[in-house]
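Source file: work_9.txt; contents: compact mmCIF, C-alpha atoms.
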# COMPACT_ATOMS: atom_id res chain seq x y z
CA MET A 1 69.95 -11.57 -51.77
CA GLY A 2 68.41 -8.17 -50.92
CA ILE A 3 70.11 -4.82 -50.64
CA SER A 4 69.94 -4.91 -46.84
CA SER A 5 71.96 -8.14 -46.86
CA LEU A 6 74.59 -6.79 -49.22
CA PHE A 7 74.98 -3.48 -47.41
CA ARG A 8 74.56 -4.25 -43.74
CA GLN A 9 74.88 -1.17 -41.57
CA SER A 10 78.23 -0.88 -39.84
CA GLY A 11 78.50 0.97 -36.59
CA GLY A 12 75.54 2.08 -34.54
CA VAL A 13 74.15 0.61 -31.33
CA HIS A 14 71.16 -1.37 -30.11
CA ALA A 15 69.64 1.39 -28.01
CA PRO A 16 66.53 0.41 -26.00
CA HIS A 17 63.39 1.43 -27.89
CA ARG A 18 61.12 2.48 -25.00
CA LYS A 19 58.30 3.39 -27.39
CA HIS A 20 55.77 3.75 -24.58
CA THR A 21 53.48 6.00 -26.63
CA ALA A 22 53.39 3.89 -29.80
CA GLU A 23 49.72 3.03 -29.36
CA CYS A 24 48.71 6.41 -27.91
CA GLU A 25 46.52 8.27 -30.38
CA THR A 26 47.37 11.93 -30.75
CA ILE A 27 45.63 14.29 -28.33
CA VAL A 28 45.01 17.88 -29.42
CA MET A 29 46.23 20.30 -26.78
CA PRO A 30 44.19 23.52 -26.57
CA ALA A 31 45.93 26.64 -27.82
CA PRO A 32 47.87 28.38 -25.04
CA LYS A 33 47.19 31.89 -23.80
CA THR A 34 50.54 33.09 -25.17
CA ILE A 35 52.88 31.77 -27.86
CA VAL A 36 56.51 32.68 -28.40
CA LEU A 37 57.87 32.40 -31.95
CA PRO A 38 61.69 32.42 -32.24
CA MET A 39 63.02 33.86 -35.48
CA VAL A 40 65.32 30.82 -35.76
CA GLN A 41 63.30 27.64 -36.33
CA HIS A 42 65.28 26.21 -39.21
CA LEU A 43 68.80 25.82 -40.53
CA GLY A 44 69.86 28.97 -42.36
CA ALA A 45 69.28 32.68 -41.94
CA PRO A 46 67.01 34.02 -39.16
CA CYS A 47 63.63 35.43 -40.11
CA LEU A 48 62.71 39.08 -39.67
CA PRO A 49 59.35 40.13 -38.17
CA LEU A 50 56.64 41.21 -40.60
CA VAL A 51 54.46 42.52 -37.76
CA LYS A 52 55.08 44.91 -34.88
CA VAL A 53 54.00 45.21 -31.29
CA GLY A 54 50.30 46.07 -31.10
CA ASP A 55 49.38 44.44 -34.41
CA THR A 56 46.50 41.97 -34.58
CA VAL A 57 47.28 38.59 -36.16
CA GLU A 58 45.24 35.53 -37.13
CA VAL A 59 45.81 31.80 -37.48
CA GLY A 60 47.92 30.97 -40.52
CA GLN A 61 49.12 34.53 -41.03
CA MET A 62 52.78 34.89 -42.01
CA VAL A 63 54.42 36.91 -39.25
CA ALA A 64 58.12 36.55 -40.12
CA ASP A 65 60.23 35.89 -43.21
CA SER A 66 63.54 36.72 -44.84
CA ALA A 67 64.85 37.32 -48.34
CA ALA A 68 67.77 34.98 -47.61
CA PRO A 69 67.65 31.89 -49.84
CA VAL A 70 67.97 29.37 -46.98
CA CYS A 71 65.09 30.38 -44.77
CA ALA A 72 61.52 29.32 -44.05
CA PRO A 73 58.73 31.78 -43.12
CA ILE A 74 56.98 31.61 -39.75
CA HIS A 75 53.21 31.77 -39.20
CA SER A 76 51.00 32.41 -36.20
CA GLY A 77 49.10 29.46 -34.74
CA VAL A 78 46.67 31.67 -32.79
CA SER A 79 44.66 34.80 -33.36
CA GLY A 80 45.43 37.68 -31.05
CA THR A 81 47.81 40.58 -30.48
CA VAL A 82 51.56 40.93 -30.76
CA THR A 83 52.59 42.02 -27.27
CA ALA A 84 56.39 41.96 -27.41
CA MET A 85 59.52 41.42 -29.46
CA LYS A 86 62.27 40.13 -27.20
CA ASP A 87 65.59 38.32 -27.18
CA ILE A 88 65.57 34.72 -26.00
CA LEU A 89 68.35 32.21 -25.38
CA LEU A 90 68.25 29.16 -27.66
CA PRO A 91 68.98 25.73 -26.12
CA GLY A 92 72.30 25.62 -27.99
CA GLY A 93 73.48 28.83 -26.31
CA ARG A 94 72.75 31.39 -29.07
CA THR A 95 70.34 34.27 -28.68
CA CYS A 96 67.70 35.30 -31.17
CA GLN A 97 64.67 37.53 -31.39
CA ALA A 98 61.21 36.16 -30.75
CA LEU A 99 57.66 37.41 -31.28
CA VAL A 100 55.28 37.13 -28.33
CA ILE A 101 51.60 36.80 -29.30
CA GLU A 102 48.77 36.86 -26.77
CA SER A 103 45.85 34.73 -27.93
CA ASP A 104 42.29 36.11 -27.90
CA GLY A 105 40.93 32.54 -27.80
CA GLU A 106 38.89 32.99 -30.97
CA GLY A 107 41.11 31.10 -33.41
CA ARG A 108 40.19 33.29 -36.38
CA VAL A 109 41.78 32.06 -39.61
CA HIS A 110 43.60 34.57 -41.81
CA GLU A 111 42.24 35.32 -45.26
CA SER A 112 45.45 34.10 -46.90
CA VAL A 113 44.76 30.51 -45.81
CA ARG A 114 43.51 28.82 -48.96
CA PRO A 115 44.81 25.99 -51.14
CA PRO A 116 47.61 27.25 -53.40
CA GLU A 117 47.30 26.99 -57.16
CA VAL A 118 50.04 24.64 -58.26
CA ASN A 119 50.47 23.90 -61.96
CA THR A 120 54.21 24.02 -62.56
CA PHE A 121 57.37 23.03 -60.72
CA SER A 122 57.99 26.69 -59.84
CA ASP A 123 54.48 26.90 -58.37
CA PHE A 124 55.18 23.76 -56.35
CA ILE A 125 58.44 25.06 -54.85
CA ALA A 126 56.81 28.42 -54.08
CA ALA A 127 53.99 26.61 -52.28
CA VAL A 128 56.41 24.50 -50.24
CA ARG A 129 58.20 27.65 -49.15
CA LYS A 130 54.98 29.50 -48.33
CA CYS A 131 53.94 26.60 -46.12
CA GLY A 132 56.99 27.28 -43.93
CA LEU A 133 57.84 23.59 -44.09
CA VAL A 134 61.14 22.32 -42.69
CA GLY A 135 62.46 18.85 -41.94
CA LEU A 136 60.24 17.71 -39.08
CA GLY A 137 62.47 14.83 -38.02
CA GLY A 138 64.64 17.29 -36.12
CA ALA A 139 67.03 18.65 -38.75
CA GLY A 140 64.93 21.71 -39.59
CA PHE A 141 66.31 22.17 -43.12
CA PRO A 142 63.97 24.31 -45.29
CA MET A 143 62.05 21.88 -47.48
CA HIS A 144 61.80 24.13 -50.54
CA ILE A 145 65.61 24.04 -50.78
CA LYS A 146 65.78 20.26 -50.42
CA LEU A 147 63.13 19.70 -53.11
CA ASN A 148 64.87 22.00 -55.59
CA PRO A 149 68.36 20.49 -56.00
CA PRO A 150 70.85 22.09 -58.41
CA ASP A 151 70.65 19.12 -60.81
CA ARG A 152 67.05 17.95 -60.61
CA ASN A 153 67.47 15.55 -63.51
CA SER A 154 70.04 13.52 -61.57
CA ILE A 155 67.54 12.58 -58.84
CA ASP A 156 66.15 9.09 -59.38
CA THR A 157 65.13 8.08 -55.85
CA ILE A 158 63.20 9.73 -53.05
CA ILE A 159 63.50 8.12 -49.61
CA ILE A 160 60.77 8.83 -47.09
CA ASN A 161 62.31 8.53 -43.63
CA ALA A 162 59.93 6.79 -41.24
CA ALA A 163 62.68 4.90 -39.38
CA GLU A 164 62.33 6.91 -36.14
CA CYS A 165 65.25 5.14 -34.46
CA GLU A 166 65.58 7.50 -31.48
CA PRO A 167 64.31 5.93 -28.23
CA TYR A 168 60.97 7.11 -26.80
CA ILE A 169 59.85 9.18 -29.83
CA THR A 170 56.77 7.94 -31.71
CA THR A 171 55.55 11.03 -33.59
CA ASP A 172 56.38 9.66 -37.04
CA TYR A 173 54.91 6.26 -36.18
CA ARG A 174 51.63 7.92 -35.20
CA GLU A 175 51.68 9.87 -38.47
CA CYS A 176 51.92 6.56 -40.32
CA MET A 177 49.01 5.09 -38.37
CA GLU A 178 46.75 8.14 -38.31
CA ASN A 179 47.45 9.86 -41.64
CA SER A 180 48.74 7.18 -44.00
CA TRP A 181 46.75 8.49 -46.97
CA ASP A 182 48.22 11.97 -46.50
CA ILE A 183 51.68 10.40 -46.63
CA ILE A 184 50.96 8.58 -49.87
CA SER A 185 49.24 11.63 -51.38
CA GLY A 186 52.29 13.75 -50.56
CA VAL A 187 54.57 11.11 -52.05
CA GLN A 188 52.60 11.10 -55.30
CA THR A 189 52.75 14.90 -55.49
CA VAL A 190 56.50 15.01 -54.97
CA MET A 191 57.02 12.24 -57.54
CA GLU A 192 54.96 14.14 -60.10
CA PHE A 193 56.67 17.52 -59.77
CA LEU A 194 60.20 16.16 -59.45
CA ASP A 195 59.54 13.55 -62.16
CA VAL A 196 61.02 10.77 -60.02
CA LYS A 197 60.11 7.16 -60.77
CA ARG A 198 61.03 5.51 -57.46
CA VAL A 199 60.07 6.24 -53.86
CA ILE A 200 61.19 4.10 -50.92
CA ILE A 201 59.41 4.51 -47.58
CA ALA A 202 61.93 3.29 -45.00
CA VAL A 203 60.57 1.92 -41.70
CA GLU A 204 62.39 0.05 -38.94
CA ASN A 205 61.18 -3.52 -38.46
CA ASN A 206 60.04 -2.81 -34.90
CA LYS A 207 57.00 -1.04 -36.39
CA PRO A 208 55.13 -3.89 -38.19
CA ALA A 209 51.74 -2.15 -38.08
CA ALA A 210 53.13 0.90 -39.90
CA ILE A 211 54.87 -1.33 -42.45
CA ASN A 212 51.64 -3.21 -43.15
CA GLU A 213 49.52 -0.05 -43.41
CA LEU A 214 51.88 1.80 -45.72
CA SER A 215 52.57 -1.31 -47.83
CA ARG A 216 48.85 -1.82 -48.38
CA ILE A 217 48.35 1.70 -49.68
CA ALA A 218 51.63 1.90 -51.60
CA LYS A 219 50.68 -1.22 -53.52
CA ARG A 220 47.42 0.42 -54.61
CA VAL A 221 49.07 3.57 -55.99
CA SER A 222 52.22 2.08 -57.53
CA THR A 223 52.41 1.81 -61.29
CA HIS A 224 54.99 0.40 -63.68
CA GLU A 225 56.21 3.95 -64.38
CA ARG A 226 56.19 5.18 -60.78
CA ARG A 227 56.91 2.70 -58.04
CA VAL A 228 56.26 3.32 -54.35
CA SER A 229 57.63 0.63 -52.04
CA VAL A 230 58.04 0.15 -48.30
CA LYS A 231 61.39 -1.14 -47.05
CA SER A 232 61.74 -2.79 -43.66
CA LEU A 233 65.08 -1.97 -42.03
CA PRO A 234 66.84 -3.42 -38.97
CA ALA A 235 65.99 -1.58 -35.75
CA ARG A 236 69.47 -0.28 -35.05
CA TYR A 237 70.34 3.27 -34.02
CA PRO A 238 71.05 5.57 -35.94
CA GLN A 239 69.21 3.87 -38.80
CA GLY A 240 67.29 7.08 -39.56
CA ALA A 241 70.40 9.20 -40.16
CA GLU A 242 70.34 10.49 -43.73
CA LYS A 243 73.57 8.95 -45.00
CA VAL A 244 72.99 5.68 -43.17
CA LEU A 245 69.48 5.49 -44.61
CA ILE A 246 70.64 6.09 -48.17
CA GLN A 247 73.14 3.26 -47.99
CA ALA A 248 70.64 0.91 -46.35
CA CYS A 249 67.99 1.61 -49.01
CA THR A 250 70.07 1.96 -52.19
CA GLY A 251 73.59 0.74 -51.46
CA ARG A 252 74.98 4.17 -52.37
CA GLN A 253 77.49 5.95 -50.16
CA VAL A 254 77.45 9.73 -49.85
CA PRO A 255 81.09 10.91 -50.05
CA VAL A 256 82.55 13.22 -47.41
CA GLY A 257 81.50 16.80 -48.12
CA LYS A 258 78.76 15.75 -50.54
CA LEU A 259 74.96 15.79 -50.28
CA PRO A 260 72.34 13.11 -50.97
CA GLY A 261 71.60 14.77 -54.31
CA ASP A 262 75.14 13.94 -55.41
CA VAL A 263 74.19 10.24 -55.35
CA GLY A 264 70.76 10.76 -56.92
CA CYS A 265 68.68 10.80 -53.72
CA ILE A 266 66.43 13.11 -51.75
CA VAL A 267 65.49 12.15 -48.18
CA MET A 268 62.27 13.53 -46.67
CA ASN A 269 60.86 12.96 -43.20
CA VAL A 270 57.54 11.10 -43.30
CA THR A 271 55.67 13.76 -41.31
CA SER A 272 57.08 16.50 -43.57
CA VAL A 273 55.62 14.86 -46.69
CA SER A 274 52.29 14.39 -44.91
CA VAL A 275 52.14 18.05 -43.79
CA LEU A 276 52.92 19.12 -47.35
CA SER A 277 50.00 17.07 -48.64
CA ARG A 278 47.59 18.69 -46.18
CA TYR A 279 48.87 22.17 -46.98
CA LEU A 280 48.24 21.70 -50.70
CA LYS A 281 44.67 20.61 -49.89
CA THR A 282 43.79 23.19 -47.23
CA GLY A 283 46.26 26.08 -47.46
CA MET A 284 46.92 25.94 -43.70
CA PRO A 285 50.69 26.42 -43.22
CA LEU A 286 52.84 24.75 -40.59
CA VAL A 287 51.45 26.14 -37.32
CA GLN A 288 51.08 22.91 -35.31
CA ARG A 289 53.10 19.76 -34.83
CA ARG A 290 52.94 16.43 -33.03
CA LEU A 291 55.07 16.02 -29.90
CA THR A 292 55.90 12.91 -27.86
CA VAL A 293 56.00 13.74 -24.14
CA ASP A 294 57.61 10.96 -22.12
CA GLY A 295 60.21 10.19 -19.47
CA SER A 296 60.29 8.84 -15.93
CA ALA A 297 58.99 12.13 -14.49
CA ILE A 298 55.83 11.97 -16.62
CA GLY A 299 52.94 10.01 -15.12
CA LYS A 300 51.14 9.26 -18.38
CA PRO A 301 53.26 9.60 -21.56
CA VAL A 302 51.33 10.97 -24.53
CA ASN A 303 51.49 12.19 -28.10
CA LEU A 304 50.20 15.75 -28.36
CA ARG A 305 49.37 18.05 -31.23
CA VAL A 306 50.50 21.48 -30.06
CA VAL A 307 50.56 24.98 -31.50
CA ILE A 308 54.11 25.93 -32.48
CA GLY A 309 55.31 28.52 -29.97
CA THR A 310 53.62 26.88 -26.96
CA PRO A 311 55.86 27.26 -23.88
CA VAL A 312 57.27 23.97 -22.57
CA GLN A 313 55.81 24.68 -19.12
CA ASP A 314 52.30 24.78 -20.63
CA VAL A 315 52.89 21.36 -22.17
CA LEU A 316 54.10 19.93 -18.84
CA ASP A 317 51.12 21.43 -17.00
CA PHE A 318 48.73 19.89 -19.52
CA VAL A 319 50.30 16.41 -19.36
CA GLY A 320 51.08 16.34 -15.65
CA VAL A 321 54.38 15.66 -13.89
CA ASP A 322 54.57 12.90 -11.26
CA LYS A 323 58.15 13.34 -10.04
CA PRO A 324 60.59 16.25 -9.81
CA ILE A 325 62.33 16.74 -13.16
CA ARG A 326 66.09 16.31 -12.90
CA LYS A 327 66.78 16.76 -16.61
CA LEU A 328 64.53 18.03 -19.41
CA LEU A 329 65.45 17.20 -23.00
CA MET A 330 64.12 18.70 -26.20
CA GLY A 331 64.22 15.56 -28.35
CA GLY A 332 65.28 12.03 -27.48
CA PRO A 333 68.01 10.75 -25.13
CA MET A 334 70.59 10.23 -27.89
CA MET A 335 70.52 13.56 -29.76
CA GLY A 336 68.25 15.72 -27.62
CA ILE A 337 69.35 19.04 -26.16
CA ALA A 338 69.00 19.77 -22.44
CA LEU A 339 66.82 22.76 -21.58
CA MET A 340 67.88 25.23 -18.95
CA ASP A 341 64.30 26.16 -18.04
CA THR A 342 60.71 25.56 -19.13
CA THR A 343 60.07 28.95 -20.73
CA TRP A 344 61.52 27.79 -24.06
CA PRO A 345 58.74 27.38 -26.68
CA ILE A 346 58.04 24.40 -28.91
CA SER A 347 59.46 25.11 -32.37
CA LYS A 348 59.03 23.50 -35.78
CA GLN A 349 61.82 20.96 -35.50
CA ASN A 350 60.97 19.78 -31.96
CA ASN A 351 59.40 16.32 -31.97
CA ALA A 352 59.67 15.32 -28.30
CA LEU A 353 59.96 16.42 -24.70
CA LEU A 354 61.73 13.97 -22.41
CA ALA A 355 61.39 14.72 -18.69
CA LEU A 356 63.72 12.53 -16.63
CA ALA A 357 63.55 11.99 -12.88
CA GLN A 358 66.62 11.70 -10.66
CA GLU A 359 67.10 7.95 -11.17
CA ASP A 360 67.35 8.26 -14.97
CA ALA A 361 69.03 11.63 -15.35
CA VAL A 362 72.27 11.16 -13.45
CA ARG A 363 75.09 9.57 -15.43
CA PRO A 364 77.94 7.89 -13.50
CA ASP A 365 81.15 9.88 -13.23
CA ALA A 366 83.58 9.43 -16.10
CA THR A 367 86.63 7.30 -15.51
CA THR A 368 89.88 6.86 -17.44
CA CYS A 369 89.55 5.60 -21.02
CA ILE A 370 90.33 1.87 -21.08
CA ARG A 371 91.14 1.84 -24.82
CA CYS A 372 88.49 -0.80 -25.54
CA GLY A 373 87.62 0.62 -28.95
CA ARG A 374 83.86 0.33 -28.51
CA CYS A 375 83.35 3.96 -29.54
CA VAL A 376 85.23 3.25 -32.78
CA ASP A 377 83.09 0.18 -33.51
CA ALA A 378 79.91 2.12 -32.75
CA CYS A 379 80.62 5.08 -35.05
CA PRO A 380 78.54 4.78 -38.24
CA MET A 381 80.80 7.35 -39.92
CA HIS A 382 83.95 5.28 -39.24
CA LEU A 383 85.63 8.01 -37.18
CA LEU A 384 88.17 7.63 -34.38
CA PRO A 385 86.65 9.28 -31.28
CA THR A 386 89.70 8.51 -29.12
CA SER A 387 92.04 10.25 -31.56
CA ILE A 388 89.63 13.18 -31.93
CA THR A 389 89.56 13.61 -28.14
CA LYS A 390 93.35 13.59 -27.99
CA ALA A 391 93.65 16.19 -30.80
CA TYR A 392 91.03 18.42 -29.16
CA LYS A 393 92.84 18.38 -25.82
CA ALA A 394 96.03 19.37 -27.67
CA GLY A 395 94.17 22.20 -29.44
CA ASP A 396 95.27 20.78 -32.81
CA ALA A 397 92.66 22.00 -35.32
CA GLU A 398 94.64 20.68 -38.31
CA GLU A 399 94.74 17.18 -36.85
CA LEU A 400 91.00 17.37 -36.18
CA LYS A 401 90.42 18.20 -39.84
CA ARG A 402 92.65 15.30 -40.90
CA LEU A 403 90.54 13.01 -38.72
CA ASN A 404 87.40 14.12 -40.65
CA LEU A 405 85.85 15.53 -37.48
CA MET A 406 83.20 17.50 -39.38
CA LYS A 407 81.86 14.26 -40.83
CA CYS A 408 80.45 13.42 -37.37
CA MET A 409 76.65 13.66 -37.30
CA GLU A 410 76.56 13.79 -33.48
CA CYS A 411 74.39 10.68 -33.12
CA GLY A 412 75.86 9.90 -29.69
CA SER A 413 76.58 6.23 -30.40
CA CYS A 414 80.14 6.71 -29.10
CA SER A 415 79.04 8.04 -25.71
CA PHE A 416 76.29 5.41 -25.44
CA SER A 417 78.74 2.56 -25.95
CA CYS A 418 81.52 3.85 -23.66
CA PRO A 419 81.91 1.69 -20.52
CA ALA A 420 83.96 4.47 -18.89
CA TYR A 421 81.11 6.99 -19.36
CA ARG A 422 83.40 9.44 -21.14
CA PRO A 423 81.64 12.60 -22.48
CA ILE A 424 82.75 11.80 -26.03
CA LEU A 425 79.91 13.49 -27.89
CA GLN A 426 80.25 16.69 -25.86
CA THR A 427 83.99 16.70 -26.56
CA ILE A 428 83.34 16.29 -30.29
CA ARG A 429 80.94 19.24 -30.27
CA MET A 430 83.57 21.41 -28.60
CA ALA A 431 86.16 20.14 -31.09
CA LYS A 432 83.90 21.27 -33.95
CA SER A 433 83.77 24.74 -32.41
CA LEU A 434 87.59 24.74 -32.30
CA VAL A 435 87.80 23.87 -35.99
CA ARG A 436 85.24 26.51 -36.96
CA SER A 437 87.03 29.21 -34.98
CA SER A 438 90.35 28.29 -36.58
CA LYS A 439 89.13 29.09 -40.11
In structure tokens, write the structure found in this file.
Amino acid sequence: MGISSLFRQSGGVHAPHRKHTAECETIVMPAPKTIVLPMVQHLGAPCLPLVKVGDTVEVGQMVADSAAPVCAPIHSGVSGTVTAMKDILLPGGRTCQALVIESDGEGRVHESVRPPEVNTFSDFIAAVRKCGLVGLGGAGFPMHIKLNPPDRNSIDTIIINAAECEPYITTDYRECMENSWDIISGVQTVMEFLDVKRVIIAVENNKPAAINELSRIAKRVSTHERRVSVKSLPARYPQGAEKVLIQACTGRQVPVGKLPGDVGCIVMNVTSVSVLSRYLKTGMPLVQRRLTVDGSAIGKPVNLRVVIGTPVQDVLDFVGVDKPIRKLLMGGPMMGIALMDTTWPISKQNNALLALAQEDAVRPDATTCIRCGRCVDACPMHLLPTSITKAYKAGDAEELKRLNLMKCMECGSCSFSCPAYRPILQTIRMAKSLVRSSK
């Protein structure tokens, strides 16, 4: 009996896959005339500009950084001139500074772009940081922090997350199909410098072509001392969530308030490990990323490779919109964030644009909770959404803490499963704000 049989995922939902772009090879979108680089493109401290208005910059040049430990530097994806430093409103409601760079169309590469010399673990971590790499599955956590855990000797398993359980999005799947050798090369590098003997590449079973391709290569590079394997997982949302993935692959449960490293694991997104491999070979930092553009308002859904900082409107103009957009999401329908306008730029952690027409964007009005318990059954973190809602309405921060509110990973399974169309996820997000403000 395999691990997946012993530790079947509890909670979650069977969300429709809608992977319309699975077989769409990545198209390279030309660099835009202007890019906008927010100083917040990762979890942690904001970056500070290293250039000023009027300066000339080139492709791959570091234009923003911070001395804060949890931070990832930002690089320019075009050559041109810095024309402005302005405040912009983030999709979550915060404001931050952003660099505006006007492209000269020449695409000159900066002299600093060259393969880093990596001989020691310290060299490796420094290179990961210099790349500006963050979790490209959407979390945006600086990768040099993740790959340098406090107790490195306790890590025995690295899990490469290629589950991609969110509907519509196929960026990681295309990475598996188009750059499989980069993935395996990155895996081998991480194994070597972290001295880890086991890597599991986790893929949902609705992606058989990716499973076959990665299994073929993994078998060629695996040795008795260092084993790389591909694990097929049930296609059930949110299979790709970090804690869910760890239990599905290893049987280990991450306790409340703990991190994957506390159970001997590191989880990396599959595109992140592939980008790291290319950076070590070429020295080109993270200045582009793949983006799935889909939704009922899009005539021909595609996967694009875009320069980070490209305005959303430029992407929509390039792809073409067939119907009026009623709702525009940065990300997928389960965890994506609605955009207020199309001036917001593509950032490092954005992996999809979902443009929905009227017929798909309007959710029925919420009705009274019928106490069916489906939201409880759907929660992969075993929380009680109904009790959390009641405590939030009463303004009871202590009760919210007792209910382990902060354990919620905001996957949206509760809202998806609710027959009364209650805004459960939105209520939980507001409840988290209440708890934070009460401290």
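CA of Ala361 (chain A) sits 22.3 Å away from CA of Phe318 (chain A).
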Legend entry - Distance query region 143-159 of chain A at most 9 Å, only C-alpha atoms, self and fewer than 3 positions along chain excluded, as a PyMOL selection string: chain A and resi 69-72+124-130+132-135+140+187+190-191+194-202+245-246+249-250+261-269+272
Would you save the residues of that selection, restricted to C-alpha atoms, as a PDB file, keeping the file's coordinate frame?
ATOM      1  CA  PRO A  69      67.650  31.890 -49.840  1.00  0.00           C
ATOM      2  CA  VAL A  70      67.970  29.370 -46.980  1.00  0.00           C
ATOM      3  CA  CYS A  71      65.090  30.380 -44.770  1.00  0.00           C
ATOM      4  CA  ALA A  72      61.520  29.320 -44.050  1.00  0.00           C
ATOM      5  CA  PHE A 124      55.180  23.760 -56.350  1.00  0.00           C
ATOM      6  CA  ILE A 125      58.440  25.060 -54.850  1.00  0.00           C
ATOM      7  CA  ALA A 126      56.810  28.420 -54.080  1.00  0.00           C
ATOM      8  CA  ALA A 127      53.990  26.610 -52.280  1.00  0.00           C
ATOM      9  CA  VAL A 128      56.410  24.500 -50.240  1.00  0.00           C
ATOM     10  CA  ARG A 129      58.200  27.650 -49.150  1.00  0.00           C
ATOM     11  CA  LYS A 130      54.980  29.500 -48.330  1.00  0.00           C
ATOM     12  CA  GLY A 132      56.990  27.280 -43.930  1.00  0.00           C
ATOM     13  CA  LEU A 133      57.840  23.590 -44.090  1.00  0.00           C
ATOM     14  CA  VAL A 134      61.140  22.320 -42.690  1.00  0.00           C
ATOM     15  CA  GLY A 135      62.460  18.850 -41.940  1.00  0.00           C
ATOM     16  CA  GLY A 140      64.930  21.710 -39.590  1.00  0.00           C
ATOM     17  CA  VAL A 187      54.570  11.110 -52.050  1.00  0.00           C
ATOM     18  CA  VAL A 190      56.500  15.010 -54.970  1.00  0.00           C
ATOM     19  CA  MET A 191      57.020  12.240 -57.540  1.00  0.00           C
ATOM     20  CA  LEU A 194      60.200  16.160 -59.450  1.00  0.00           C
ATOM     21  CA  ASP A 195      59.540  13.550 -62.160  1.00  0.00           C
ATOM     22  CA  VAL A 196      61.020  10.770 -60.020  1.00  0.00           C
ATOM     23  CA  LYS A 197      60.110   7.160 -60.770  1.00  0.00           C
ATOM     24  CA  ARG A 198      61.030   5.510 -57.460  1.00  0.00           C
ATOM     25  CA  VAL A 199      60.070   6.240 -53.860  1.00  0.00           C
ATOM     26  CA  ILE A 200      61.190   4.100 -50.920  1.00  0.00           C
ATOM     27  CA  ILE A 201      59.410   4.510 -47.580  1.00  0.00           C
ATOM     28  CA  ALA A 202      61.930   3.290 -45.000  1.00  0.00           C
ATOM     29  CA  LEU A 245      69.480   5.490 -44.610  1.00  0.00           C
ATOM     30  CA  ILE A 246      70.640   6.090 -48.170  1.00  0.00           C
ATOM     31  CA  CYS A 249      67.990   1.610 -49.010  1.00  0.00           C
ATOM     32  CA  THR A 250      70.070   1.960 -52.190  1.00  0.00           C
ATOM     33  CA  GLY A 261      71.600  14.770 -54.310  1.00  0.00           C
ATOM     34  CA  ASP A 262      75.140  13.940 -55.410  1.00  0.00           C
ATOM     35  CA  VAL A 263      74.190  10.240 -55.350  1.00  0.00           C
ATOM     36  CA  GLY A 264      70.760  10.760 -56.920  1.00  0.00           C
ATOM     37  CA  CYS A 265      68.680  10.800 -53.720  1.00  0.00           C
ATOM     38  CA  ILE A 266      66.430  13.110 -51.750  1.00  0.00           C
ATOM     39  CA  VAL A 267      65.490  12.150 -48.180  1.00  0.00           C
ATOM     40  CA  MET A 268      62.270  13.530 -46.670  1.00  0.00           C
ATOM     41  CA  ASN A 269      60.860  12.960 -43.200  1.00  0.00           C
ATOM     42  CA  SER A 272      57.080  16.500 -43.570  1.00  0.00           C
TER      43      SER A 272
END
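Interatomic distance, CA of Ser277 (chain A) to CA of Thr189 (chain A): 7.7 Å.
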Inset, instruction - Work out how far apart CA of Gln188 (chain A) and CA of Lys207 (chain A) are and give it in Å to one decimal. - result: 22.9 Å
Legend entry - Non-local contacts of Val307 (chain A) (8 Å; only C-alpha atoms; under 4 positions in same chain excluded) as a ChimeraX atom specification: /A:29,31-32,77-78,287-289,346
Using all atoms listed in the file, what does the table of region 4-47 of chain A residues within 12 Å of region 399-414 of chain A look like, with each row giving the shortest atom pair and its distance in Å to one decimal, sorted by chain and ascending number, as CSV?
residue,atom,partner,partner_atom,distance
A:Ser10,CA,A:Ser413,CA,11.9
A:Gly11,CA,A:Ser413,CA,8.3
A:Gly12,CA,A:Ser413,CA,6.0
A:Val13,CA,A:Ser413,CA,6.2
A:His14,CA,A:Ser413,CA,9.3
A:Ala15,CA,A:Ser413,CA,8.8
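Residues in contact with Pro73 (chain A) at 8 Å, where all atoms listed in the file are counted and same-chain residues fewer than 3 positions away are skipped, are listed as Cys47, Met62, Val63, Ala64, Asp65, Ser66, Arg129, Lys130, Cys131 and Gly132 of chain A.
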Now that the selection is made, can you save its residues with C-alpha atoms as an mmCIF file, in the coordinates of the input?
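And here is the file that came out, part-v2.cif:
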data_model
loop_
_atom_site.group_PDB
_atom_site.id
_atom_site.type_symbol
_atom_site.label_atom_id
_atom_site.label_comp_id
_atom_site.auth_asym_id
_atom_site.auth_seq_id
_atom_site.Cartn_x
_atom_site.Cartn_y
_atom_site.Cartn_z
ATOM 1 C CA CYS A 47 63.630 35.430 -40.110
ATOM 2 C CA MET A 62 52.780 34.890 -42.010
ATOM 3 C CA VAL A 63 54.420 36.910 -39.250
ATOM 4 C CA ALA A 64 58.120 36.550 -40.120
ATOM 5 C CA ASP A 65 60.230 35.890 -43.210
ATOM 6 C CA SER A 66 63.540 36.720 -44.840
ATOM 7 C CA ARG A 129 58.200 27.650 -49.150
ATOM 8 C CA LYS A 130 54.980 29.500 -48.330
ATOM 9 C CA CYS A 131 53.940 26.600 -46.120
ATOM 10 C CA GLY A 132 56.990 27.280 -43.930
#
Can you build me a table of region 306-367 of chain A residues sitting at most 12 Å from region 418-432 of chain A, with the closest atom pair per residue and its distance in Å to one decimal, using all atoms listed in the file, sorted by chain and residue number, as a Markdown table?
| residue | atom | partner | partner_atom | distance |
| --- | --- | --- | --- | --- |
| A:Met334 | CA | A:Leu425 | CA | 9.9 |
| A:Met335 | CA | A:Leu425 | CA | 9.6 |
| A:Gly336 | CA | A:Leu425 | CA | 11.9 |
| A:Ile337 | CA | A:Gln426 | CA | 11.2 |
| A:Val362 | CA | A:Tyr421 | CA | 11.4 |
| A:Arg363 | CA | A:Tyr421 | CA | 7.6 |
| A:Pro364 | CA | A:Tyr421 | CA | 6.7 |
| A:Asp365 | CA | A:Tyr421 | CA | 6.8 |
| A:Ala366 | CA | A:Tyr421 | CA | 4.8 |
| A:Thr367 | CA | A:Ala420 | CA | 5.2 |
